[in-house]
Amino acid sequence: MAPVIPVRSVVIDCPDPHALAEFYAAVAGGTPEADNEWVVLRVPDGPQLAFQRAEGFTPPEWPRADRNSQQFHLDFDAGATWEEVDAAHRRVLALGARPLDLEDREKKDFLVYADPAGHPFCLCRIERP
């Protein structure tokens, strides 16, 4: 089936678009481009991420299925081995990420973090053929 229209960007609400764009640029690559309260990050070989200021922003709570749930999250390919994932883990922590769920990684092949604004994201171990 042909798509109706292409995806332009994933837009993330946050209290400080410049700071959050810099965090994701350090995680995924690219250079943030600012336009007042809107910051765009063109991720190499990935989707365009946009960050917009949201007054009164309340970060999602993970895990919750009722009010203020995670809303959405980003998955990052952290490598095929746990050594690669562990290296990515150390880097995202140094950038300001906060661990949310690091349990049972061998069973589920991912670790869950919150970015500096509180949005959940995952570092995933992706096996290669």
# chains A, B, ... in the order shown; residues from 1 in each chain; ligands from 1
>>> residues_around(residues="region 61-64 of chain A", least_positions_apart="6", cutoff="9 Å", atoms="only C-alpha atoms", output="VMD selection string")
chain A and resid 70 100 114 118 to 120
>>> atom_distance(atom1="CA of Arg90 (chain A)", atom2="CA of Asp45 (chain A)")
23.0 Å
>>> closest_residue(among="A:Glu37, A:Arg125, A:Val43, A:Val27", to="Ser9 (chain A)", atoms="only C-alpha atoms")
A:Val43
>>> select_by_dssp(residues="region 2-41 of chain A", states="strand (DSSP E)", output="list in words")
Val10, Val11, Ile12, Asp13, Cys14, Pro32, Glu33, Ala34, Asp35, Trp38, Val39, Val40 and Leu41 of chain A
>>> closest_residue(among="A:Lys107, A:Thr58, A:Asp77, A:Gln52", to="Ala28 (chain A)", atoms="only C-alpha atoms")
A:Asp77
>>> closest_residue(among="A:Arg105, A:Gln48, A:Cys122, A:Phe23", to="Val10 (chain A)", atoms="only C-alpha atoms")
A:Gln48
>>> decode(residues="region 37-115 of chain A", atoms="C-alpha atoms", output="tab-separated table (two decimals), in the first residue's frame")
chain	number	residue	atom	x	y	z
A	37	GLU	CA	11.04	28.24	20.39
A	38	TRP	CA	11.40	25.42	17.85
A	39	VAL	CA	14.58	23.36	17.43
A	40	VAL	CA	15.04	20.76	14.68
A	41	LEU	CA	17.53	17.90	14.78
A	42	ARG	CA	18.15	16.10	11.50
A	43	VAL	CA	19.48	12.76	12.68
A	44	PRO	CA	21.87	11.11	10.18
A	45	ASP	CA	20.12	8.05	8.67
A	46	GLY	CA	17.19	8.61	11.00
A	47	PRO	CA	14.04	10.62	11.52
A	48	GLN	CA	13.95	14.37	11.96
A	49	LEU	CA	13.29	15.25	15.60
A	50	ALA	CA	11.79	18.60	16.55
A	51	PHE	CA	11.59	20.09	20.02
A	52	GLN	CA	9.08	22.72	21.08
A	53	ARG	CA	8.69	24.65	24.31
A	54	ALA	CA	5.62	23.62	26.29
A	55	GLU	CA	4.76	25.97	29.15
A	56	GLY	CA	3.75	24.05	32.26
A	57	PHE	CA	5.26	20.85	30.86
A	58	THR	CA	4.83	17.84	33.12
A	59	PRO	CA	7.09	14.90	32.25
A	60	PRO	CA	5.51	11.53	31.54
A	61	GLU	CA	5.52	8.94	34.31
A	62	TRP	CA	6.87	5.54	33.41
A	63	PRO	CA	5.43	2.97	33.62
A	64	ARG	CA	1.83	4.11	33.86
A	65	ALA	CA	-1.20	3.23	31.82
A	66	ASP	CA	-3.47	5.93	33.21
A	67	ARG	CA	-2.99	9.72	33.24
A	68	ASN	CA	0.36	11.18	32.29
A	69	SER	CA	1.64	7.92	30.82
A	70	GLN	CA	4.72	7.80	28.63
A	71	GLN	CA	2.76	9.01	25.55
A	72	PHE	CA	5.53	7.78	23.20
A	73	HIS	CA	9.19	6.83	23.41
A	74	LEU	CA	12.23	6.56	21.16
A	75	ASP	CA	14.15	3.30	20.65
A	76	PHE	CA	17.85	3.49	19.85
A	77	ASP	CA	19.88	0.70	18.27
A	78	ALA	CA	22.66	0.41	20.85
A	79	GLY	CA	24.48	-2.49	19.18
A	80	ALA	CA	24.46	-6.25	18.81
A	81	THR	CA	26.32	-7.06	22.04
A	82	TRP	CA	25.80	-6.17	25.66
A	83	GLU	CA	29.28	-4.63	25.66
A	84	GLU	CA	28.06	-2.12	23.04
A	85	VAL	CA	24.87	-1.48	25.00
A	86	ASP	CA	26.91	-0.99	28.21
A	87	ALA	CA	29.10	1.58	26.42
A	88	ALA	CA	25.97	3.43	25.22
A	89	HIS	CA	24.57	3.19	28.78
A	90	ARG	CA	27.62	4.95	30.21
A	91	ARG	CA	27.45	7.66	27.54
A	92	VAL	CA	23.76	8.48	27.98
A	93	LEU	CA	24.18	8.63	31.78
A	94	ALA	CA	27.08	11.06	31.33
A	95	LEU	CA	24.82	13.19	29.10
A	96	GLY	CA	22.13	13.44	31.78
A	97	ALA	CA	19.85	10.45	31.21
A	98	ARG	CA	18.23	8.82	34.24
A	99	PRO	CA	17.73	5.02	34.45
A	100	LEU	CA	14.10	3.91	34.70
A	101	ASP	CA	14.34	0.13	34.16
A	102	LEU	CA	17.58	-1.78	33.85
A	103	GLU	CA	16.18	-5.15	35.01
A	104	ASP	CA	15.90	-8.41	33.04
A	105	ARG	CA	17.87	-7.11	30.09
A	106	GLU	CA	18.73	-10.62	28.87
A	107	LYS	CA	15.01	-11.44	28.62
A	108	LYS	CA	13.82	-8.25	26.97
A	109	ASP	CA	16.94	-6.94	25.13
A	110	PHE	CA	16.43	-3.28	26.11
A	111	LEU	CA	17.06	-0.80	28.92
A	112	VAL	CA	14.76	2.12	29.72
A	113	TYR	CA	15.88	5.67	30.58
A	114	ALA	CA	14.41	9.14	30.93
A	115	ASP	CA	15.92	12.01	28.97
